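Note: the block below is query-v3.pdb and it holds PDB, C-alpha atoms.
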```pdb
ATOM      1  CA  ILE A   1      94.434 110.903 128.736
ATOM      2  CA  ALA A   2      95.778 108.352 131.214
ATOM      3  CA  ALA A   3      95.691 105.534 128.664
ATOM      4  CA  ARG A   4      97.494 107.668 126.090
ATOM      5  CA  ARG A   5     100.248 108.724 128.515
ATOM      6  CA  PHE A   6     100.686 105.146 129.706
ATOM      7  CA  SER A   7     100.909 103.802 126.145
ATOM      8  CA  GLN A   8     103.418 106.462 125.078
ATOM      9  CA  GLN A   9     105.826 105.701 127.915
ATOM     10  CA  PHE A  10     105.309 101.929 127.698
ATOM     11  CA  TYR A  11     106.126 101.654 124.000
ATOM     12  CA  LEU A  12     108.935 104.189 124.259
ATOM     13  CA  SER A  13     110.630 102.077 126.923
ATOM     14  CA  LEU A  14     109.944  98.894 124.995
ATOM     15  CA  GLY A  15     111.355 100.433 121.813
ATOM     16  CA  VAL A  16     114.683 101.354 123.391
ATOM     17  CA  GLY A  17     115.313  97.795 124.586
ATOM     18  CA  GLU A  18     113.765  97.654 128.053
ATOM     19  CA  SER A  19     112.109  94.421 129.136
ATOM     20  CA  LEU A  20     108.340  94.005 129.181
ATOM     21  CA  LEU A  21     108.204  94.238 132.972
ATOM     22  CA  ALA A  22     110.523  97.260 133.149
ATOM     23  CA  SER A  23     108.515  99.053 130.448
ATOM     24  CA  TRP A  24     105.288  98.428 132.344
ATOM     25  CA  GLN A  25     106.792  99.705 135.580
ATOM     26  CA  ALA A  26     108.203 102.798 133.866
ATOM     27  CA  ALA A  27     104.807 103.593 132.336
ATOM     28  CA  ARG A  28     103.046 103.287 135.693
ATOM     29  CA  THR A  29     105.661 105.477 137.366
ATOM     30  CA  CYS A  30     105.283 108.105 134.637
ATOM     31  CA  LEU A  31     101.527 108.113 135.122
ATOM     32  CA  ARG A  32     101.811 108.184 138.918
ATOM     33  CA  ASN A  33     103.973 111.309 138.730
ATOM     34  CA  HIS A  34     101.482 113.208 136.574
ATOM     35  CA  PRO A  35     100.717 116.672 138.022
ATOM     36  CA  GLU A  36      96.967 116.007 137.925
ATOM     37  CA  SER A  37      96.105 113.705 140.793
ATOM     38  CA  GLU A  38      93.018 112.303 139.027
ATOM     39  CA  ILE A  39      95.222 110.981 136.221
ATOM     40  CA  GLY A  40      97.946 109.794 138.580
ATOM     41  CA  ASP A  41      95.459 107.758 140.621
ATOM     42  CA  GLN A  42      94.576 105.733 137.512
ATOM     43  CA  SER A  43      98.063 104.191 137.390
ATOM     44  CA  GLU A  44      96.820 101.333 139.582
ATOM     45  CA  HIS A  45      94.298 100.356 136.920
ATOM     46  CA  PHE A  46      97.020  99.234 134.486
ATOM     47  CA  ILE A  47      97.775  95.641 135.449
ATOM     48  CA  LEU A  48     100.296  93.277 133.890
ATOM     49  CA  PHE A  49      98.861  89.779 133.975
ATOM     50  CA  GLY A  50     101.258  86.861 134.458
ATOM     51  CA  GLN A  51     103.661  86.949 131.519
ATOM     52  CA  HIS A  52     106.304  84.237 131.433
ATOM     53  CA  ALA A  53     109.799  85.770 131.717
ATOM     54  CA  ALA A  54     108.400  89.305 131.534
ATOM     55  CA  ASP A  55     111.563  90.600 133.213
ATOM     56  CA  LYS A  56     113.646  89.279 130.294
ATOM     57  CA  ALA A  57     111.357  89.509 127.272
ATOM     58  CA  THR A  58     112.233  92.410 124.940
ATOM     59  CA  LEU A  59     110.577  93.793 121.840
ATOM     60  CA  GLN A  60     112.918  91.820 119.575
ATOM     61  CA  GLN A  61     112.043  88.565 121.298
ATOM     62  CA  LEU A  62     108.329  89.344 121.263
ATOM     63  CA  CYS A  63     108.604  89.866 117.506
ATOM     64  CA  GLY A  64     110.272  86.478 117.132
ATOM     65  CA  GLU A  65     113.671  87.879 116.254
ATOM     66  CA  GLY A  66     115.628  86.512 119.200
ATOM     67  CA  GLU A  67     118.804  88.444 119.805
ATOM     68  CA  SER A  68     119.107  89.708 116.240
ATOM     69  CA  ALA A  69     117.491  92.888 114.965
ATOM     70  CA  GLU A  70     117.439  91.896 111.315
ATOM     71  CA  GLY A  71     113.658  91.868 111.139
ATOM     72  CA  LEU A  72     113.256  95.269 112.788
ATOM     73  CA  ARG A  73     113.711  98.602 111.102
ATOM     74  CA  MET A  74     115.599 101.034 113.297
ATOM     75  CA  LEU A  75     114.233 104.543 113.647
ATOM     76  CA  GLU A  76     115.967 107.071 111.443
ATOM     77  CA  ASP A  77     118.301 109.588 112.998
ATOM     78  CA  ALA A  78     116.827 113.104 113.022
ATOM     79  CA  ALA A  79     120.123 114.366 111.577
ATOM     80  CA  GLN A  80     119.423 112.275 108.478
ATOM     81  CA  PHE A  81     116.158 114.153 107.936
ATOM     82  CA  LEU A  82     117.867 117.512 108.363
ATOM     83  CA  GLU A  83     120.351 116.622 105.631
ATOM     84  CA  VAL A  84     117.626 115.772 103.127
ATOM     85  CA  LYS A  85     117.242 118.387 100.407
ATOM     86  CA  MET A  86     113.541 119.153 100.254
ATOM     87  CA  PRO A  87     111.718 122.025  98.541
ATOM     88  CA  PRO A  88     111.275 125.073 100.796
ATOM     89  CA  ARG A  89     108.043 125.214 102.736
ATOM     90  CA  PRO A  90     105.397 127.576 101.318
ATOM     91  CA  GLU A  91     104.980 131.087 102.644
ATOM     92  CA  HIS A  92     102.083 131.662 105.049
ATOM     93  CA  PHE A  93     100.617 128.168 104.753
ATOM     94  CA  LEU A  94      97.350 127.786 106.686
ATOM     95  CA  GLY A  95      93.867 126.302 106.571
ATOM     96  CA  ARG A  96      94.741 122.958 104.968
ATOM     97  CA  MET A  97      95.178 120.618 107.933
ATOM     98  CA  GLN A  98      91.920 118.811 107.160
ATOM     99  CA  SER A  99      93.135 118.078 103.620
ATOM    100  CA  ILE A 100      96.497 116.833 104.915
ATOM    101  CA  HIS A 101      94.693 114.583 107.389
ATOM    102  CA  GLU A 102      92.408 113.215 104.662
ATOM    103  CA  VAL A 103      95.289 112.374 102.314
ATOM    104  CA  MET A 104      97.302 110.806 105.135
ATOM    105  CA  HIS A 105      94.280 108.737 106.128
ATOM    106  CA  HIS A 106      94.006 107.364 102.592
ATOM    107  CA  PHE A 107      97.670 106.337 102.696
ATOM    108  CA  SER A 108      97.823 104.959 106.231
ATOM    109  CA  GLY A 109      94.281 104.137 107.308
ATOM    110  CA  HIS A 110      92.699 100.736 107.795
ATOM    111  CA  GLN A 111      91.968 100.429 104.064
ATOM    112  CA  SER A 112      95.072 102.244 102.884
ATOM    113  CA  ARG A 113      95.497 103.204  99.239
ATOM    114  CA  ARG A 114      98.702 103.557  97.262
ATOM    115  CA  ALA A 115      97.681 106.160  94.697
ATOM    116  CA  CYS A 116      95.901 109.387  95.545
ATOM    117  CA  ALA A 117      95.086 112.395  93.352
ATOM    118  CA  LEU A 118      94.602 115.774  94.987
ATOM    119  CA  TRP A 119      92.849 117.852  92.349
ATOM    120  CA  GLY A 120      91.580 121.391  91.967
ATOM    121  CA  PRO A 121      91.701 124.392  89.622
ATOM    122  CA  GLU A 122      94.876 126.305  88.858
ATOM    123  CA  GLY A 123      96.027 128.545  91.706
ATOM    124  CA  ILE A 124      93.962 126.809  94.398
ATOM    125  CA  GLY A 125      97.097 125.815  96.352
ATOM    126  CA  LYS A 126      97.864 122.242  95.280
ATOM    127  CA  SER A 127     101.612 122.719  94.934
ATOM    128  CA  ALA A 128     101.886 124.466  98.292
ATOM    129  CA  LEU A 129      99.869 121.728  99.979
ATOM    130  CA  GLY A 130     102.004 119.070  98.282
ATOM    131  CA  VAL A 131     105.221 120.573  99.633
ATOM    132  CA  GLU A 132     103.744 120.972 103.109
ATOM    133  CA  PHE A 133     102.473 117.387 103.023
ATOM    134  CA  LEU A 134     105.942 116.244 101.959
ATOM    135  CA  HIS A 135     107.533 117.905 104.992
ATOM    136  CA  PHE A 136     104.803 116.628 107.313
ATOM    137  CA  ALA A 137     104.713 113.011 106.147
ATOM    138  CA  ALA A 138     108.506 112.594 105.876
ATOM    139  CA  ALA A 139     109.345 113.862 109.371
ATOM    140  CA  PRO A 140     111.160 111.270 111.537
ATOM    141  CA  GLY A 141     108.731 108.803 113.060
ATOM    142  CA  ARG A 142     105.910 109.648 110.653
ATOM    143  CA  HIS A 143     104.419 107.271 108.098
ATOM    144  CA  PHE A 144     106.933 108.095 105.322
ATOM    145  CA  SER A 145     109.772 108.757 107.736
ATOM    146  CA  CYS A 146     112.828 110.191 105.929
ATOM    147  CA  CYS A 147     111.881 108.701 102.562
ATOM    148  CA  ALA A 148     109.747 111.017 100.465
ATOM    149  CA  GLY A 149     110.464 112.792  97.200
ATOM    150  CA  ARG A 150     108.846 115.162  94.722
ATOM    151  CA  VAL A 151     108.684 115.194  90.924
ATOM    152  CA  HIS A 152     107.533 118.310  89.059
ATOM    153  CA  ILE A 153     105.970 117.749  85.612
ATOM    154  CA  GLU A 154     106.030 120.960  83.597
ATOM    155  CA  ALA A 155     105.514 119.603  80.059
ATOM    156  CA  MET A 156     103.953 116.703  78.157
ATOM    157  CA  ASP A 157     107.319 115.016  77.723
ATOM    158  CA  LEU A 158     107.425 111.322  78.568
ATOM    159  CA  VAL A 159     111.223 111.185  78.390
ATOM    160  CA  GLY A 160     111.591 114.221  80.627
ATOM    161  CA  ILE A 161     109.149 112.728  83.139
ATOM    162  CA  ALA A 162     111.034 109.412  83.230
ATOM    163  CA  ASN A 163     114.350 111.203  83.718
ATOM    164  CA  ALA A 164     112.858 113.366  86.480
ATOM    165  CA  VAL A 165     111.650 110.242  88.294
ATOM    166  CA  ASN A 166     115.111 108.732  87.867
ATOM    167  CA  GLU A 167     116.732 111.812  89.425
ATOM    168  CA  GLU A 168     114.348 111.615  92.366
ATOM    169  CA  LEU A 169     115.066 107.890  92.698
ATOM    170  CA  GLU A 170     118.765 108.658  93.096
ATOM    171  CA  SER A 171     117.933 111.281  95.712
ATOM    172  CA  LEU A 172     115.754 108.813  97.635
ATOM    173  CA  ALA A 173     118.560 106.267  97.475
ATOM    174  CA  VAL A 174     120.908 108.760  99.111
ATOM    175  CA  GLN A 175     118.287 109.489 101.791
ATOM    176  CA  SER A 176     117.909 105.767 102.491
ATOM    177  CA  GLN A 177     121.656 105.122 102.281
ATOM    178  CA  VAL A 178     121.114 102.671  99.434
ATOM    179  CA  CYS A 179     123.698 102.111  96.717
ATOM    180  CA  LEU A 180     121.757 101.502  93.507
ATOM    181  CA  ARG A 181     123.051  98.553  91.542
ATOM    182  CA  PRO A 182     124.322  99.645  88.130
ATOM    183  CA  GLY A 183     122.927  97.681  85.218
ATOM    184  CA  SER A 184     124.363  96.987  81.825
ATOM    185  CA  SER A 185     121.376  98.737  80.324
ATOM    186  CA  ASP A 186     121.900 102.049  82.151
ATOM    187  CA  SER A 187     124.163 103.560  79.516
ATOM    188  CA  ARG A 188     121.845 102.324  76.795
ATOM    189  CA  SER A 189     118.930 103.947  78.605
ATOM    190  CA  SER A 190     120.725 107.273  78.769
ATOM    191  CA  LEU A 191     121.655 107.023  75.102
ATOM    192  CA  CYS A 192     118.102 106.226  74.031
ATOM    193  CA  SER A 193     116.655 109.002  76.179
ATOM    194  CA  THR A 194     119.124 111.527  74.783
ATOM    195  CA  ALA A 195     118.455 110.455  71.203
ATOM    196  CA  LEU A 196     114.706 110.665  71.681
ATOM    197  CA  SER A 197     114.899 114.102  73.282
ATOM    198  CA  ALA A 198     117.168 115.373  70.512
ATOM    199  CA  ARG A 199     114.872 114.070  67.786
ATOM    200  CA  SER A 200     111.846 115.682  69.404
ATOM    201  CA  ALA A 201     113.717 118.965  69.810
ATOM    202  CA  GLU A 202     114.904 119.030  66.176
ATOM    203  CA  SER A 203     111.396 118.651  64.848
ATOM    204  CA  SER A 204     109.913 121.020  67.475
ATOM    205  CA  ILE A 205     107.125 118.580  68.297
ATOM    206  CA  SER A 206     105.885 116.972  71.461
ATOM    207  CA  ILE A 207     106.057 113.316  72.338
ATOM    208  CA  TYR A 208     102.518 112.857  71.016
ATOM    209  CA  GLU A 209     103.527 113.989  67.525
ATOM    210  CA  ALA A 210     106.587 111.754  67.253
ATOM    211  CA  PRO A 211     106.685 109.509  64.164
ATOM    212  CA  SER A 212     104.765 106.278  64.479
ATOM    213  CA  ASP A 213     107.935 104.213  64.018
ATOM    214  CA  LEU A 214     109.388 105.758  67.184
ATOM    215  CA  ASP A 215     107.947 103.965  70.228
ATOM    216  CA  ALA A 216     108.964 106.009  73.265
ATOM    217  CA  MET A 217     107.989 103.328  75.787
ATOM    218  CA  THR A 218     110.142 100.778  73.952
ATOM    219  CA  LEU A 219     113.117 103.124  73.867
ATOM    220  CA  LEU A 220     112.622 103.870  77.564
ATOM    221  CA  LEU A 221     112.492 100.191  78.534
ATOM    222  CA  PRO A 222     116.017 100.106  80.065
ATOM    223  CA  LEU A 223     115.281 103.205  82.124
ATOM    224  CA  ARG A 224     111.926 101.809  83.216
ATOM    225  CA  GLN A 225     113.676  98.641  84.365
ATOM    226  CA  ARG A 226     116.202 100.707  86.291
ATOM    227  CA  LEU A 227     113.404 102.620  88.013
ATOM    228  CA  ARG A 228     111.657  99.418  89.043
ATOM    229  CA  ARG A 229     114.860  97.852  90.367
ATOM    230  CA  GLY A 230     115.809 101.045  92.184
ATOM    231  CA  PHE A 231     112.551 101.389  94.097
ATOM    232  CA  GLN A 232     112.681  97.671  94.921
ATOM    233  CA  GLN A 233     116.186  98.116  96.366
ATOM    234  CA  ILE A 234     115.024 101.016  98.533
ATOM    235  CA  GLU A 235     112.059  98.972  99.708
ATOM    236  CA  ARG A 236     114.269  96.054 100.721
ATOM    237  CA  ALA A 237     116.759  98.324 102.479
ATOM    238  CA  ARG A 238     113.979 100.028 104.455
ATOM    239  CA  ARG A 239     112.562  96.629 105.460
ATOM    240  CA  ARG A 240     109.283  97.298 103.679
ATOM    241  CA  ALA A 241     108.714 100.730 105.244
ATOM    242  CA  PRO A 242     106.543 102.970 103.032
ATOM    243  CA  THR A 243     108.000 105.435 100.526
ATOM    244  CA  LEU A 244     106.204 108.524  99.189
ATOM    245  CA  LEU A 245     106.512 110.096  95.740
ATOM    246  CA  VAL A 246     104.672 113.402  95.241
ATOM    247  CA  VAL A 247     104.000 114.141  91.557
ATOM    248  CA  ASP A 248     103.212 117.820  90.947
ATOM    249  CA  ASP A 249     101.540 117.433  87.561
ATOM    250  CA  GLU A 250     101.330 121.006  86.312
ATOM    251  CA  ALA A 251     100.982 119.816  82.699
ATOM    252  CA  GLY A 252      98.167 117.338  83.342
ATOM    253  CA  ALA A 253     100.226 114.506  81.850
ATOM    254  CA  VAL A 254      98.969 111.753  84.167
ATOM    255  CA  ALA A 255      95.322 112.406  83.375
ATOM    256  CA  ALA A 256      95.929 112.847  79.624
ATOM    257  CA  ASP A 257      98.617 110.317  78.662
ATOM    258  CA  LYS A 258      98.232 106.550  79.055
ATOM    259  CA  ASP A 259     102.011 106.063  78.723
ATOM    260  CA  VAL A 260     102.655 108.315  81.717
ATOM    261  CA  ARG A 261     100.077 106.358  83.700
ATOM    262  CA  LYS A 262     101.762 103.147  82.601
ATOM    263  CA  LEU A 263     105.149 104.479  83.755
ATOM    264  CA  PHE A 264     103.892 105.136  87.283
ATOM    265  CA  GLY A 265     101.678 102.047  87.243
ATOM    266  CA  GLU A 266     104.712  99.829  86.642
ATOM    267  CA  LEU A 267     106.408 101.255  89.717
ATOM    268  CA  LEU A 268     103.356 100.522  91.860
ATOM    269  CA  GLU A 269     102.937  97.056  90.355
ATOM    270  CA  HIS A 270     106.532  95.992  91.057
ATOM    271  CA  THR A 271     106.702  97.381  94.602
ATOM    272  CA  CYS A 272     104.636  96.907  97.723
ATOM    273  CA  GLN A 273     105.279 100.021  99.787
ATOM    274  CA  LEU A 274     105.607 102.830  97.225
ATOM    275  CA  HIS A 275     102.812 105.425  97.487
ATOM    276  CA  ILE A 276     102.143 108.147  94.917
ATOM    277  CA  LEU A 277     100.370 111.463  95.528
ATOM    278  CA  ILE A 278      99.446 113.251  92.290
ATOM    279  CA  LEU A 279      98.639 116.966  92.283
ATOM    280  CA  SER A 280      96.374 117.513  89.293
ATOM    281  CA  ARG A 281      94.010 120.110  87.868
ATOM    282  CA  ALA A 282      91.505 117.390  86.983
ATOM    283  CA  PRO A 283      90.453 114.147  88.698
ATOM    284  CA  ILE A 284      92.186 110.985  87.500
ATOM    285  CA  TYR A 285      89.659 108.270  86.766
ATOM    286  CA  HIS A 286      92.041 105.867  85.026
ATOM    287  CA  SER A 287      94.028 103.387  87.094
ATOM    288  CA  LEU A 288      97.800 103.400  87.361
ATOM    289  CA  GLY A 289      98.364  99.871  86.141
ATOM    290  CA  PRO A 290      96.489  97.607  88.570
ATOM    291  CA  THR A 291      96.251 100.378  91.193
ATOM    292  CA  LYS A 292      93.102 102.475  91.380
ATOM    293  CA  VAL A 293      93.431 106.168  92.154
ATOM    294  CA  VAL A 294      91.366 107.778  94.905
ATOM    295  CA  ASN A 295      90.478 111.383  94.075
ATOM    296  CA  VAL A 296      90.443 114.065  96.771
ATOM    297  CA  PRO A 297      89.005 117.463  95.685
ATOM    298  CA  LEU A 298      90.701 120.598  96.980
ATOM    299  CA  SER A 299      88.431 123.605  97.431
ATOM    300  CA  GLY A 300      89.300 127.187  98.247
ATOM    301  CA  LEU A 301      90.197 128.428 101.702
ATOM    302  CA  LYS A 302      87.424 129.186 104.149
ATOM    303  CA  GLU A 303      86.678 132.879 104.551
ATOM    304  CA  PRO A 304      88.461 133.294 107.946
ATOM    305  CA  ASP A 305      91.612 131.593 106.611
ATOM    306  CA  ALA A 306      91.460 133.612 103.407
ATOM    307  CA  ALA A 307      91.224 136.802 105.452
ATOM    308  CA  LYS A 308      94.232 135.776 107.560
ATOM    309  CA  LEU A 309      96.236 135.027 104.433
ATOM    310  CA  PHE A 310      95.277 138.390 102.952
ATOM    311  CA  LEU A 311      96.384 140.231 106.092
ATOM    312  CA  GLN A 312      99.700 138.357 106.140
ATOM    313  CA  ARG A 313     100.474 139.468 102.601
ATOM    314  CA  ILE A 314      99.644 143.148 102.782
ATOM    315  CA  HIS A 315     103.340 143.950 103.322
ATOM    316  CA  ARG A 316     103.805 143.653  99.557
ATOM    317  CA  MET A 317     101.919 144.663  96.442
ATOM    318  CA  LEU A 318      99.222 142.144  95.570
ATOM    319  CA  ASP A 319      98.940 140.800  92.039
ATOM    320  CA  ASP A 320      96.473 138.732  90.015
ATOM    321  CA  GLY A 321      97.986 135.499  91.337
ATOM    322  CA  ASP A 322      96.690 136.312  94.816
ATOM    323  CA  PHE A 323      93.095 136.214  93.553
ATOM    324  CA  PRO A 324      92.573 132.835  91.779
TER     325      PRO A 324
END
```

Mind converting the file's structure to structure tokens?
Amino acid sequence: IAARRFSQQFYLSLGVGESLLASWQAARTCLRNHPESEIGDQSEHFILFGQHAADKATLQQLCGEGESAEGLRMLEDAAQFLEVKMPPRPEHFLGRMQSIHEVMHHFSGHQSRRACALWGPEGIGKSALGVEFLHFAAAPGRHFSCCAGRVHIEAMDLVGIANAVNEELESLAVQSQVCLRPGSSDSRSSLCSTALSARSAESSISIYEAPSDLDAMTLLLPLRQRLRRGFQQIERARRRAPTLLVVDDEAGAVAADKDVRKLFGELLEHTCQLHILILSRAPIYHSLGPTKVVNVPLSGLKEPDAAKLFLQRIHRMLDDGDFP
């Protein structure tokens, strides 16, 4: 407990611009004033060994940045997070903290991964967990601080999926205060996407049944390039801080369609800090480009949590959806 309290105050002081010596003194004072005398007495155990110019050295200088802060990413303002339009949190969410911890560990642990698939049968709670994870991971100061988005895939439509990712890219750019560079191919991308959607609609067929002479990935090339450039711009603006994209794959497109996997694989291949969480009804054994996907199974609630959820919902008539 003493070490944790000391570290919290020390790095807090160091982060707001205090010198190394002042931060150390502030941390010892904080520990000394702890209401439990046993913890307060341990303040004398934290010793600062001779550090040259400790009374002048700041975090920026220790990071080799001198007087400039160009190499440091400032913490986001909490007001920025409050302005972000995120999906509403699920009603009566409980019993999934272990799953949230497991997914977060895959993304931020020692051997962090960039693509994770949370899978389970329909109605098990994947979408609710995805929204809750989005709120948790994107909170200020967390791993994906103020830069996380969600894409909902409702149909096997490659064009619709690409456009949905593009819409979320624009939303993430607003969150990160990044002005996306317009490209000469943007209008062409929109035109191609519109033409492809119209042709599919006229024939009442899915993207899989499109004529062989119509290559959707080729027609979507300008939009794919825009997506890659956009996520790269956000990454540069955030000084390589991680970004999260939650893909709620209700249609099972990622597991079934190699072109959808290629679309997301390209984004991972051309960025370094983009992370993708896929909510799927089946495990995803194929890689997203060069990135392997780690599968995390989601089981039903434990009996005590299920009972609590049942009691919380007795104020309304229960339906079949409450008993997956």

Which is closest to Arg89 of chain A among A:Ile284, A:Leu219, A:Leu129, A:Ala162, if we use all atoms listed in the file?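 With all atoms listed in the file as the atom set, the closest residue is A:Leu129.
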
From the list A:Gly95, A:Thr218, A:Glu132, A:Cys116, which residue is nearest Lys308 of chain A when using all atoms listed in the file? A:Gly95

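For the set A:Asp249, A:Glu235, A:Glu102, A:Asp319, the residue with the smallest atom-to-atom gap to Ser176 of chain A is A:Glu235, counting only C-alpha atoms.
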
Selected by the PyMOL selection byres ((chain A and resi 48) around 12) in the shown coordinates: which residues, as JSON, numbers by chain? {"A": [10, 20, 21, 22, 23, 24, 25, 27, 28, 43, 44, 45, 46, 47, 49, 50, 51, 52, 54, 55]}

Mind writing the picked residues with C-alpha atoms as an mmCIF file, keeping the file's coordinate frame?
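The result, stored in again_31.cif:
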```cif
data_model
loop_
_atom_site.group_PDB
_atom_site.id
_atom_site.type_symbol
_atom_site.label_atom_id
_atom_site.label_comp_id
_atom_site.auth_asym_id
_atom_site.auth_seq_id
_atom_site.Cartn_x
_atom_site.Cartn_y
_atom_site.Cartn_z
ATOM 1 C CA PHE A 10 105.309 101.929 127.698
ATOM 2 C CA LEU A 20 108.340 94.005 129.181
ATOM 3 C CA LEU A 21 108.204 94.238 132.972
ATOM 4 C CA ALA A 22 110.523 97.260 133.149
ATOM 5 C CA SER A 23 108.515 99.053 130.448
ATOM 6 C CA TRP A 24 105.288 98.428 132.344
ATOM 7 C CA GLN A 25 106.792 99.705 135.580
ATOM 8 C CA ALA A 27 104.807 103.593 132.336
ATOM 9 C CA ARG A 28 103.046 103.287 135.693
ATOM 10 C CA SER A 43 98.063 104.191 137.390
ATOM 11 C CA GLU A 44 96.820 101.333 139.582
ATOM 12 C CA HIS A 45 94.298 100.356 136.920
ATOM 13 C CA PHE A 46 97.020 99.234 134.486
ATOM 14 C CA ILE A 47 97.775 95.641 135.449
ATOM 15 C CA PHE A 49 98.861 89.779 133.975
ATOM 16 C CA GLY A 50 101.258 86.861 134.458
ATOM 17 C CA GLN A 51 103.661 86.949 131.519
ATOM 18 C CA HIS A 52 106.304 84.237 131.433
ATOM 19 C CA ALA A 54 108.400 89.305 131.534
ATOM 20 C CA ASP A 55 111.563 90.600 133.213
#
```

Given the file shown, determine the residues that the PyMOL selection byres ((chain A and resi 241) around 12) selects; report them as a tab-separated table (two decimals) with C-alpha atoms, keeping the file's coordinate frame.
```
chain	number	residue	atom	x	y	z
A	71	GLY	CA	113.66	91.87	111.14
A	72	LEU	CA	113.26	95.27	112.79
A	73	ARG	CA	113.71	98.60	111.10
A	74	MET	CA	115.60	101.03	113.30
A	75	LEU	CA	114.23	104.54	113.65
A	76	GLU	CA	115.97	107.07	111.44
A	108	SER	CA	97.82	104.96	106.23
A	138	ALA	CA	108.51	112.59	105.88
A	141	GLY	CA	108.73	108.80	113.06
A	142	ARG	CA	105.91	109.65	110.65
A	143	HIS	CA	104.42	107.27	108.10
A	144	PHE	CA	106.93	108.10	105.32
A	145	SER	CA	109.77	108.76	107.74
A	146	CYS	CA	112.83	110.19	105.93
A	147	CYS	CA	111.88	108.70	102.56
A	148	ALA	CA	109.75	111.02	100.46
A	176	SER	CA	117.91	105.77	102.49
A	231	PHE	CA	112.55	101.39	94.10
A	232	GLN	CA	112.68	97.67	94.92
A	233	GLN	CA	116.19	98.12	96.37
A	234	ILE	CA	115.02	101.02	98.53
A	235	GLU	CA	112.06	98.97	99.71
A	236	ARG	CA	114.27	96.05	100.72
A	237	ALA	CA	116.76	98.32	102.48
A	238	ARG	CA	113.98	100.03	104.46
A	239	ARG	CA	112.56	96.63	105.46
A	240	ARG	CA	109.28	97.30	103.68
A	242	PRO	CA	106.54	102.97	103.03
A	243	THR	CA	108.00	105.44	100.53
A	244	LEU	CA	106.20	108.52	99.19
A	271	THR	CA	106.70	97.38	94.60
A	272	CYS	CA	104.64	96.91	97.72
A	273	GLN	CA	105.28	100.02	99.79
A	274	LEU	CA	105.61	102.83	97.22
A	275	HIS	CA	102.81	105.42	97.49
```
